[in-house]
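Visitor: Sharing upload-v8.cif here; it has mmCIF, C-alpha atoms and all ligand atoms.
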data_start
#
loop_
_atom_site.label_atom_id
_atom_site.label_comp_id
_atom_site.auth_asym_id
_atom_site.auth_seq_id
_atom_site.Cartn_x
_atom_site.Cartn_y
_atom_site.Cartn_z
CA MET A 1 120.25 131.38 -69.62
CA ASN A 2 118.46 131.04 -66.27
CA CYS A 3 120.06 129.79 -63.02
CA GLU A 4 118.91 126.20 -63.51
CA ARG A 5 120.37 125.99 -67.00
CA ALA A 6 123.49 127.74 -65.76
CA ASN A 7 123.93 125.04 -63.13
CA GLU A 8 123.63 122.32 -65.77
CA ALA A 9 126.10 124.12 -68.01
CA LEU A 10 128.45 124.46 -65.06
CA MET A 11 128.51 120.70 -64.47
CA LEU A 12 129.27 120.12 -68.15
CA ASP A 13 131.90 122.85 -68.07
CA LEU A 14 133.69 121.30 -65.07
CA TYR A 15 134.52 118.33 -67.29
CA GLY A 16 135.01 120.14 -70.56
CA GLU A 17 131.74 118.79 -71.91
CA ALA A 18 129.98 122.11 -72.47
CA GLY A 19 129.73 123.22 -76.07
CA GLU A 20 131.03 126.62 -77.11
CA THR A 21 127.59 128.23 -76.96
CA ASP A 22 126.83 126.84 -73.50
CA ALA A 23 130.24 127.81 -72.16
CA ALA A 24 129.84 131.38 -73.41
CA ALA A 25 126.31 131.67 -72.01
CA LEU A 26 127.50 130.30 -68.66
CA LYS A 27 130.32 132.81 -68.51
CA GLU A 28 127.90 135.61 -69.16
CA HIS A 29 125.43 134.33 -66.55
CA LEU A 30 128.13 133.98 -63.89
CA ALA A 31 129.27 137.54 -64.55
CA ASN A 32 125.78 138.76 -63.70
CA CYS A 33 124.58 136.31 -61.01
CA ALA A 34 126.30 136.28 -57.63
CA ALA A 35 124.42 133.23 -56.36
CA CYS A 36 125.53 131.08 -59.28
CA ARG A 37 129.05 132.45 -58.99
CA ARG A 38 129.21 131.29 -55.37
CA ALA A 39 127.73 127.91 -56.28
CA ALA A 40 130.26 127.49 -59.07
CA GLU A 41 133.10 128.33 -56.74
CA ALA A 42 131.82 125.86 -54.13
CA SER A 43 131.54 123.12 -56.73
CA ARG A 44 135.10 123.65 -57.93
CA GLU A 45 136.39 123.60 -54.35
CA ALA A 46 134.55 120.39 -53.50
CA LEU A 47 135.95 118.74 -56.59
CA ALA A 48 139.47 119.91 -55.82
CA GLU A 49 139.14 118.62 -52.27
CA PHE A 50 137.93 115.25 -53.51
CA ARG A 51 140.82 114.99 -55.97
CA ARG A 52 143.39 115.81 -53.31
CA GLU A 53 142.73 112.49 -51.66
CA PRO A 54 144.46 109.61 -53.43
CA SER A 55 142.22 106.87 -54.72
CA PRO A 56 142.36 103.69 -52.60
CA ARG A 57 144.20 100.74 -54.13
CA PRO A 58 143.17 97.10 -54.21
CA SER A 59 145.16 94.64 -52.12
CA ARG A 60 148.06 92.72 -53.63
CA GLU A 61 146.18 89.44 -53.20
CA THR A 62 143.23 90.75 -55.20
CA VAL A 63 145.43 91.99 -58.02
CA GLU A 64 147.33 88.69 -58.13
CA ALA A 65 144.09 86.71 -58.20
CA VAL A 66 142.92 88.77 -61.19
CA LEU A 67 146.21 88.27 -63.03
CA ALA A 68 146.13 84.53 -62.38
CA ALA A 69 142.57 84.32 -63.72
CA ALA A 70 143.53 86.30 -66.82
CA GLN A 71 146.42 83.95 -67.57
CA SER A 72 144.51 80.73 -67.01
CA ARG A 73 141.97 81.48 -69.69
CA PRO A 74 143.45 79.86 -72.75
CA SER A 75 140.10 79.44 -74.47
CA PHE A 76 140.66 82.56 -76.53
CA GLY A 77 144.26 83.46 -75.74
CA GLY A 78 147.66 81.91 -76.11
CA VAL A 79 149.33 80.59 -79.18
CA PHE A 80 146.12 78.76 -80.02
CA ALA A 81 144.37 82.01 -80.88
CA LEU A 82 147.11 82.93 -83.32
CA TRP A 83 146.87 79.79 -85.43
CA ARG A 84 143.15 79.35 -85.09
CA PRO A 85 142.29 80.93 -88.47
CA ALA A 86 144.91 78.68 -90.06
CA LEU A 87 143.34 75.70 -88.31
CA TRP A 88 139.93 76.49 -89.71
CA ARG A 89 141.36 76.88 -93.17
CA ALA A 90 142.97 73.44 -92.82
CA VAL A 91 139.67 71.92 -91.66
CA ALA A 92 137.90 73.46 -94.63
CA VAL A 93 140.46 72.05 -97.05
CA VAL A 94 140.11 68.54 -95.56
CA VAL A 95 136.31 68.67 -95.76
CA ILE A 96 136.38 69.81 -99.38
CA ALA A 97 138.95 67.14 -100.26
CA LEU A 98 136.83 64.41 -98.65
CA THR A 99 133.71 65.61 -100.45
CA ALA A 100 135.58 65.61 -103.72
CA SER A 101 137.02 62.15 -103.24
CA PHE A 102 133.56 60.76 -102.43
CA ALA A 103 132.08 62.47 -105.45
CA ILE A 104 134.76 61.07 -107.72
CA LYS A 105 134.56 57.61 -106.16
CA PHE A 106 130.83 57.24 -106.69
CA TRP A 107 130.72 58.88 -110.09
CA PRO A 108 131.07 55.78 -112.26
CA ARG A 109 128.10 54.17 -110.53
CA THR A 110 125.80 56.55 -112.36
CA PRO A 111 124.89 55.04 -115.70
CA VAL A 112 126.81 57.42 -117.86
CA PRO A 113 127.03 55.79 -121.24
CA LEU A 114 130.26 55.57 -123.14
CA ALA A 115 130.27 56.32 -126.86
CA GLY A 116 129.79 52.68 -127.87
CA GLU A 117 126.86 52.14 -125.56
CA ARG A 118 124.87 55.19 -126.58
CA ALA A 119 122.70 53.55 -129.10
CA SER A 120 121.60 50.75 -126.77
CA VAL A 121 121.00 53.17 -123.93
CA ALA A 122 118.95 55.30 -126.29
CA THR A 123 116.87 52.30 -127.20
CA GLN A 124 116.32 51.42 -123.56
CA SER A 125 115.36 54.95 -122.66
CA ALA A 126 112.89 55.12 -125.49
CA ALA A 127 111.20 52.08 -124.02
CA THR A 128 111.11 53.46 -120.49
CA GLU A 129 110.87 57.19 -120.99
CA THR A 130 109.81 58.06 -117.42
CA SER A 131 112.71 56.20 -115.80
CA TRP A 132 115.13 57.86 -118.22
CA ASP A 133 113.82 61.28 -117.19
CA ALA A 134 114.62 60.42 -113.59
CA GLU A 135 118.10 59.35 -114.58
CA SER A 136 118.74 62.52 -116.51
CA VAL A 137 117.75 64.50 -113.45
CA ALA A 138 120.31 62.48 -111.46
CA VAL A 139 123.02 63.24 -114.01
CA SER A 140 122.11 66.93 -113.94
CA GLU A 141 122.45 66.84 -110.18
CA HIS A 142 125.94 65.41 -110.50
CA ILE A 143 126.87 68.17 -112.91
CA ARG A 144 125.58 70.71 -110.45
CA LEU A 145 127.61 69.20 -107.61
CA ALA A 146 130.67 68.96 -109.83
CA GLN A 147 130.32 72.64 -110.71
CA ALA A 148 130.06 73.50 -107.04
CA ASP A 149 133.29 71.65 -106.40
CA VAL A 150 134.99 73.03 -109.47
CA ALA A 151 137.38 75.05 -107.34
CA ILE A 152 138.98 71.83 -106.12
CA GLY A 153 140.78 71.14 -109.34
CA SER A 154 140.60 71.95 -113.01
CA SER A 155 140.69 68.21 -113.85
CA LEU A 156 137.03 68.11 -112.88
CA ASP A 157 136.19 70.51 -115.70
CA ASN A 158 136.90 67.82 -118.26
CA ARG A 159 134.64 65.39 -116.45
CA ILE A 160 131.83 67.94 -116.35
CA ALA A 161 132.20 68.73 -120.03
CA GLY A 162 132.17 65.03 -120.83
CA LEU A 163 129.09 64.45 -118.71
CA ARG A 164 127.29 67.41 -120.21
CA ASP A 165 127.97 66.19 -123.72
CA ALA A 166 126.83 62.72 -122.81
CA LEU A 167 123.63 64.05 -121.29
CA SER A 168 122.70 66.30 -124.19
CA GLU A 169 123.42 63.56 -126.68
CA LEU A 170 121.28 61.15 -124.70
CA ARG A 171 118.47 63.68 -124.52
CA ASN A 172 118.62 64.34 -128.25
CA GLY A 173 118.63 60.65 -128.92
CA SER A 174 115.69 60.05 -126.61
CA ASP A 175 113.71 62.90 -128.16
CA GLY A 176 114.46 61.69 -131.66
CA PHE A 177 112.98 58.27 -131.02
CA MET B 1 146.06 90.84 -88.37
CA PRO B 2 149.38 92.59 -87.80
CA ASP B 3 150.56 92.85 -84.20
CA GLN B 4 151.19 96.25 -82.73
CA PRO B 5 154.77 96.75 -81.60
CA LEU B 6 155.33 95.95 -77.92
CA SER B 7 157.21 99.14 -77.18
CA PRO B 8 155.22 102.03 -78.53
CA VAL B 9 156.93 104.28 -81.03
CA ASN B 10 157.58 107.93 -80.07
CA ASN B 11 156.73 107.10 -76.44
CA VAL B 12 153.02 107.05 -77.27
CA GLU B 13 151.28 104.71 -74.84
CA PRO B 14 149.28 102.01 -76.58
CA SER B 15 145.54 102.62 -76.36
CA ASP B 16 143.33 100.50 -74.12
CA ASP B 17 141.83 98.94 -77.21
CA ALA B 18 145.24 98.03 -78.61
CA LEU B 19 146.21 96.45 -75.29
CA PHE B 20 142.99 94.54 -75.01
CA GLU B 21 143.28 93.30 -78.58
CA ARG B 22 146.75 92.03 -77.76
CA TYR B 23 145.44 90.30 -74.67
CA ARG B 24 142.74 88.64 -76.75
CA LYS B 25 145.50 87.24 -78.91
CA GLY B 26 147.14 85.76 -75.85
CA ASP B 27 149.48 88.50 -74.62
CA ALA B 28 149.18 88.33 -70.82
CA ALA B 29 151.55 91.28 -70.37
CA ALA B 30 149.07 93.49 -72.21
CA PHE B 31 146.39 92.53 -69.67
CA GLU B 32 148.72 93.39 -66.82
CA GLN B 33 149.28 96.80 -68.35
CA LEU B 34 145.52 97.37 -68.70
CA LEU B 35 144.96 96.32 -65.11
CA ALA B 36 147.70 98.61 -63.86
CA ARG B 37 146.22 101.46 -65.85
CA HIS B 38 142.68 101.12 -64.50
CA GLN B 39 143.01 99.46 -61.10
CA SER B 40 143.14 102.62 -59.05
CA ALA B 41 140.18 104.35 -60.70
CA LEU B 42 138.10 101.18 -60.71
CA PHE B 43 138.86 100.27 -57.13
CA GLY B 44 138.19 103.84 -56.00
CA PHE B 45 134.85 103.73 -57.77
CA LEU B 46 133.94 100.43 -56.12
CA VAL B 47 135.07 101.35 -52.59
CA ARG B 48 133.24 104.64 -52.71
CA MET B 49 130.13 103.17 -54.32
CA ALA B 50 129.95 100.16 -52.01
CA GLY B 51 131.12 101.96 -48.90
CA SER B 52 133.20 98.94 -47.95
CA ARG B 53 136.74 97.92 -48.81
CA ALA B 54 136.10 94.21 -48.32
CA LEU B 55 133.13 94.29 -50.67
CA ALA B 56 135.07 96.40 -53.14
CA GLU B 57 137.88 93.81 -53.26
CA ASP B 58 135.34 91.14 -54.23
CA LEU B 59 133.63 93.33 -56.79
CA PHE B 60 136.96 94.41 -58.25
CA GLN B 61 137.91 90.79 -58.79
CA GLU B 62 134.51 89.94 -60.23
CA THR B 63 134.62 92.88 -62.64
CA TRP B 64 137.93 91.77 -64.12
CA LEU B 65 136.82 88.15 -64.24
CA ARG B 66 133.91 89.25 -66.39
CA VAL B 67 136.26 91.21 -68.61
CA VAL B 68 138.28 88.03 -69.08
CA ARG B 69 135.23 85.84 -69.56
CA GLU B 70 133.50 88.18 -71.99
CA ALA B 71 136.65 89.24 -73.84
CA ARG B 72 135.43 87.69 -77.05
CA ARG B 73 132.17 89.64 -76.97
CA TYR B 74 133.88 93.00 -76.55
CA ARG B 75 133.37 95.32 -79.52
CA SER B 76 136.11 97.86 -79.95
CA GLU B 77 133.77 100.65 -81.11
CA GLN B 78 132.90 100.93 -77.42
CA LYS B 79 135.65 102.48 -75.31
CA PHE B 80 137.29 99.88 -73.09
CA SER B 81 137.04 102.03 -69.94
CA ARG B 82 133.34 102.61 -70.62
CA TRP B 83 132.83 98.85 -70.90
CA LEU B 84 134.84 98.23 -67.72
CA PHE B 85 132.81 100.72 -65.70
CA THR B 86 129.54 99.49 -67.17
CA ILE B 87 130.33 96.04 -65.81
CA ALA B 88 131.50 97.38 -62.44
CA ASN B 89 128.48 99.66 -62.15
CA ARG B 90 126.09 96.80 -62.81
CA LEU B 91 127.83 94.56 -60.28
CA VAL B 92 127.93 97.11 -57.50
CA ILE B 93 124.30 98.13 -57.98
CA ASP B 94 123.18 94.50 -57.95
CA GLU B 95 125.08 94.03 -54.73
CA LEU B 96 123.65 97.18 -53.13
CA ARG B 97 120.15 96.11 -54.19
CA ARG B 98 120.73 92.70 -52.69
CA ARG B 99 121.71 94.38 -49.45
CA LYS B 100 118.75 96.74 -49.73
CA ARG B 101 121.04 99.74 -49.84
CA TRP B 102 119.97 100.95 -53.22
CA ASN B 103 116.81 102.88 -53.78
CA THR B 104 115.69 104.62 -56.87
CA VAL B 105 113.34 107.10 -55.22
CA SER B 106 113.85 110.29 -57.13
CA VAL B 107 114.96 113.17 -55.01
CA ASP B 108 114.07 116.70 -55.92
CA ASP B 109 115.89 118.86 -53.43
CA ASP B 110 119.16 118.94 -51.60
CA GLU B 111 117.76 117.98 -48.20
CA ALA B 112 116.12 114.89 -49.64
CA ALA B 113 119.37 113.95 -51.32
CA VAL B 114 120.83 113.27 -47.92
CA THR B 115 117.84 112.21 -45.85
CA LEU B 116 116.19 109.99 -48.44
CA GLN B 117 119.13 107.67 -48.77
CA ALA B 118 118.30 104.00 -48.94
CA ARG B 119 118.01 102.15 -45.65
CA GLY B 120 121.18 103.32 -43.97
CA PRO B 121 123.79 101.19 -42.29
CA SER B 122 123.33 100.02 -38.71
CA ALA B 123 125.13 101.80 -35.86
CA ALA B 124 127.76 99.07 -35.77
CA GLU B 125 128.29 99.29 -39.51
CA GLU B 126 128.51 103.04 -39.22
CA THR B 127 131.25 102.79 -36.58
CA GLU B 128 133.14 100.31 -38.71
CA ARG B 129 132.70 102.57 -41.69
CA ARG B 130 134.06 105.61 -39.93
CA ARG B 131 137.03 103.60 -38.77
CA THR B 132 138.02 102.09 -42.12
CA LEU B 133 136.89 104.70 -44.64
CA SER B 134 138.57 107.99 -45.32
CA ARG B 135 136.64 111.19 -44.67
CA ILE B 136 135.90 111.49 -48.39
CA GLU B 137 134.53 107.98 -48.44
CA ALA B 138 132.56 108.62 -45.27
CA ALA B 139 131.13 111.78 -46.80
CA LEU B 140 130.12 109.88 -49.92
CA ALA B 141 128.60 107.08 -47.86
CA THR B 142 125.90 109.42 -46.57
CA LEU B 143 124.95 110.46 -50.08
CA GLN B 144 121.92 109.06 -51.88
CA PRO B 145 123.24 106.16 -54.02
CA SER B 146 121.98 107.43 -57.38
CA LEU B 147 123.79 110.73 -56.76
CA ARG B 148 126.91 108.94 -55.65
CA GLN B 149 126.75 106.83 -58.79
CA VAL B 150 126.72 109.82 -61.14
CA PHE B 151 129.49 111.57 -59.26
CA LEU B 152 131.76 108.51 -59.15
CA LEU B 153 131.13 107.37 -62.73
CA ARG B 154 132.12 110.83 -63.92
CA GLU B 155 135.00 111.35 -61.51
CA HIS B 156 136.58 107.86 -61.40
CA GLY B 157 135.23 106.28 -64.55
CA GLY B 158 135.77 109.26 -66.82
CA VAL B 159 132.33 108.44 -68.23
CA SER B 160 130.76 111.49 -69.90
CA PHE B 161 127.42 112.79 -68.60
CA LYS B 162 125.76 111.77 -71.84
CA GLU B 163 127.10 108.25 -71.44
CA ILE B 164 126.00 108.16 -67.81
CA ALA B 165 122.52 109.13 -68.96
CA ALA B 166 122.54 106.22 -71.41
CA MET B 167 123.99 103.86 -68.84
CA THR B 168 121.53 104.71 -66.09
CA GLY B 169 118.47 105.41 -68.23
CA ALA B 170 118.04 108.86 -66.66
CA PRO B 171 117.59 112.04 -68.74
CA LEU B 172 120.70 114.20 -69.12
CA GLY B 173 119.11 116.99 -67.06
CA THR B 174 118.58 114.58 -64.16
CA VAL B 175 122.15 113.32 -64.41
CA LEU B 176 123.47 116.90 -64.27
CA TRP B 177 121.23 117.72 -61.34
CA ARG B 178 122.46 114.65 -59.48
CA MET B 179 126.06 115.67 -60.10
CA SER B 180 125.42 119.15 -58.79
CA ALA B 181 123.61 117.82 -55.70
CA ALA B 182 126.45 115.38 -55.04
CA LEU B 183 129.01 118.19 -55.14
CA LYS B 184 126.94 120.35 -52.79
CA HIS B 185 126.60 117.48 -50.36
CA LEU B 186 130.28 116.68 -50.52
CA ARG B 187 131.22 120.24 -49.78
CA LYS B 188 128.82 120.45 -46.87
CA GLU B 189 130.13 117.22 -45.34
CA LEU B 190 133.75 118.24 -45.73
CA GLU B 191 132.99 121.61 -44.21
CA ALA B 192 131.33 119.92 -41.25
CA ASP B 193 134.48 117.85 -40.99
CA GLY B 194 136.41 121.08 -40.59
CA VAL B 195 138.50 120.48 -43.65
CA THR B 196 137.34 123.05 -46.12
CA ALA B 197 137.44 126.65 -45.05
CA LYS B 198 134.10 128.36 -45.22
ZN ZN C 201 122.18 132.34 -61.54
#
Output the structure of this file as structure tokens.

Guide:
Amino acid sequence: MNCERANEALMLDLYGEAGETDAAALKEHLANCAACRRAAEASREALAEFRREPSPRPSRETVEAVLAAAQSRPSFGGVFALWRPALWRAVAVVVIALTASFAIKFWPRTPVPLAGERASVATQSAATETSWDAESVAVSEHIRLAQADVAIGSSLDNRIAGLRDALSELRNGSDGF
Amino acid sequence: MPDQPLSPVNNVEPSDDALFERYRKGDAAAFEQLLARHQSALFGFLVRMAGSRALAEDLFQETWLRVVREARRYRSEQKFSRWLFTIANRLVIDELRRRKRWNTVSVDDDEAAVTLQARGPSAAEETERRRTLSRIEAALATLQPSLRQVFLLREHGGVSFKEIAAMTGAPLGTVLWRMSAALKHLRKELEADGVTAK
């Protein structure tokens, strides 16, 4: 270790940041180099002198102004912060419920045939095959949405199953014609 | 998230991070504790960096306001004190730059460390400085700002040399050299002041 490296190691050592190897090498260097020994001593004395003087303190007014500012920031603090996750959960539940109620409300408007109507629907669809394809896509879309919302309630499962049956039967019927 | 107990068990002081987390959840007392814990070191850093108590009062307030304002962005993997001093360091340097008292000319020897300081204060400012600052502060005021910065970040901020290197963008070797030069200068000034025995 040369004098320059020893000086670097000394700075690290003053704050306990020198690794074991560096600390050992520094010790050895200082034992053999009077100049570095004097420099090390001077550095320690300067530091001790600096630390003897108490650090200045901010004025009372400044500290009070900081405390006032910290307390008047309710945007992330206060009771609000504690129930915020609960609030978001509540919002999520309301949104899902609204979506579900809309989905259920508008469901019957899709021409889903009941058992008695199947034959006539099948006849119609045979006549207008392209429009029936479009309708079957619409029904599939409803199934997809219903599946997405399936977590809302198990009662939807029955609806989906019913719709799926209806769709496959309609498709079979349409193909058969 | 479970709250930490208000009175620490086994007399172990709550960590800065624990206090700050509590403050983020709305516990103003936790903030007060954090402030009490760091106010002296932070204010010392600012007074000695800025070379003015009045300016330090403003910067102290601004530093904590930023802590409050940016509380949500704080990531706990970074030590709170490191974050605090990063903010303070940025603010004081901006202010010194604004007042043209910060220069980044690199200094390579001890003489230059003292003589190459950024445009020094006027005679009137110097008189005022001597009157209001302690001898330590006066000694630091004549030190090149980038040397003063390393010394004070390490001494007041408890920021490690490696972290100072990252914070200032200077290589570790340069940071260590600046620290050593700052100590030499300090000793020389205090000796001239007749305080330290030769
Ligand atoms: Zn040596």

Visitor: What separation in Å, quoted to one decimal, exists between CA of Phe31 in chain B and CA of Ala70 in chain A?

Guide: 7.4 Å

Visitor: Show me which residues sit within 7 Å of ligand ZN 201 (chain C) when counting all atoms listed in the file, and put them as a PyMOL selection string.

Guide: chain A and resi 2-3+6+29-30+33-36

Visitor: Pull out every residue of chain B sitting within 6 Å of chain A, counting all atoms listed in the file, and send them as a list of chain:residue names.

Guide: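 Using all atoms listed in the file, chain B residues at most 6 Å from chain A: B:Arg24, B:Lys25, B:Gly26, B:Ser40, B:Gly44, B:Gln61, B:Val68, B:Leu176, B:Leu183, B:Arg187.
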
Visitor: Name the closest residue to Leu55 in chain B among the candidates B:Glu137, B:Glu95, B:Glu13, B:Asp193; distances are taken between atoms, counting only C-alpha atoms.

Guide: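 Of B:Glu137, B:Glu95, B:Glu13, B:Asp193, the one nearest Leu55 in chain B is B:Glu95, counting only C-alpha atoms.
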
Visitor: Which is closer to Ala182 in chain B than all the others in B:Val159, B:Ala139, B:Met167, B:Ile87, using all atoms listed in the file?

Guide: B:Ala139

Visitor: In Å, with one decimal, what is the gap from CA of Ala18 in chain A to CA of Ala48 in chain A?

Guide: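 A separation of 19.3 Å between them.
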
Visitor: Tell me which protein, DNA and RNA residues are within 8 Å of Val150 in chain B, counting only C-alpha atoms, leaving out same-chain ones fewer than 2 positions away, and put them as a CSV table (one decimal) with C-alpha atoms, in the coordinates of the input.

Guide:
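This went into result-v4.csv:
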chain,number,residue,atom,x,y,z
B,146,SER,CA,122.0,107.4,-57.4
B,147,LEU,CA,123.8,110.7,-56.8
B,148,ARG,CA,126.9,108.9,-55.6
B,152,LEU,CA,131.8,108.5,-59.2
B,153,LEU,CA,131.1,107.4,-62.7
B,154,ARG,CA,132.1,110.8,-63.9
B,164,ILE,CA,126.0,108.2,-67.8
B,175,VAL,CA,122.2,113.3,-64.4
B,178,ARG,CA,122.5,114.6,-59.5
B,179,MET,CA,126.1,115.7,-60.1

Visitor: Because the input lacks atoms here, generate all heavy atoms for range 61-69 of chain A and report them as a short mmCIF file (atom, residue, chain, number, x, y, z; two decimals), keeping the file's coordinate frame.

Guide:
data_model
loop_
_atom_site.label_atom_id
_atom_site.label_comp_id
_atom_site.auth_asym_id
_atom_site.auth_seq_id
_atom_site.Cartn_x
_atom_site.Cartn_y
_atom_site.Cartn_z
N GLU A 61 146.80 90.76 -52.99
CA GLU A 61 146.18 89.44 -53.20
C GLU A 61 145.11 89.52 -54.30
O GLU A 61 145.02 88.67 -55.16
CB GLU A 61 145.52 88.91 -51.91
CG GLU A 61 146.48 88.57 -50.78
CD GLU A 61 147.01 89.81 -50.06
OE1 GLU A 61 146.23 90.78 -49.88
OE2 GLU A 61 148.21 89.84 -49.71
N THR A 62 144.30 90.58 -54.22
CA THR A 62 143.23 90.75 -55.20
C THR A 62 143.81 90.91 -56.60
O THR A 62 143.36 90.27 -57.55
CB THR A 62 142.35 91.97 -54.84
OG1 THR A 62 141.78 91.74 -53.55
CG2 THR A 62 141.25 92.18 -55.85
N VAL A 63 144.82 91.75 -56.71
CA VAL A 63 145.43 91.99 -58.02
C VAL A 63 146.05 90.70 -58.56
O VAL A 63 145.89 90.36 -59.74
CB VAL A 63 146.51 93.11 -57.92
CG1 VAL A 63 147.31 93.20 -59.21
CG2 VAL A 63 145.85 94.44 -57.62
N GLU A 64 146.71 89.94 -57.68
CA GLU A 64 147.33 88.69 -58.13
C GLU A 64 146.28 87.67 -58.56
O GLU A 64 146.48 86.93 -59.52
CB GLU A 64 148.25 88.13 -57.04
CG GLU A 64 149.63 88.77 -57.16
CD GLU A 64 150.50 88.58 -55.93
OE1 GLU A 64 150.11 87.80 -55.03
OE2 GLU A 64 151.56 89.23 -55.86
N ALA A 65 145.17 87.65 -57.84
CA ALA A 65 144.09 86.71 -58.20
C ALA A 65 143.55 87.05 -59.59
O ALA A 65 143.28 86.16 -60.40
CB ALA A 65 142.97 86.78 -57.16
N VAL A 66 143.42 88.35 -59.87
CA VAL A 66 142.92 88.77 -61.19
C VAL A 66 143.91 88.37 -62.28
O VAL A 66 143.53 87.82 -63.32
CB VAL A 66 142.68 90.30 -61.21
CG1 VAL A 66 142.43 90.78 -62.64
CG2 VAL A 66 141.50 90.67 -60.32
N LEU A 67 145.20 88.62 -62.03
CA LEU A 67 146.21 88.27 -63.03
C LEU A 67 146.25 86.77 -63.29
O LEU A 67 146.38 86.33 -64.44
CB LEU A 67 147.59 88.76 -62.58
CG LEU A 67 147.80 90.28 -62.68
CD1 LEU A 67 149.15 90.67 -62.09
CD2 LEU A 67 147.71 90.74 -64.13
N ALA A 68 146.11 85.99 -62.22
CA ALA A 68 146.13 84.53 -62.38
C ALA A 68 144.94 84.09 -63.23
O ALA A 68 145.08 83.26 -64.13
CB ALA A 68 146.10 83.87 -61.02
N ALA A 69 143.78 84.68 -62.96
CA ALA A 69 142.57 84.32 -63.72
C ALA A 69 142.74 84.69 -65.20
O ALA A 69 142.34 83.95 -66.09
CB ALA A 69 141.36 85.03 -63.14
#
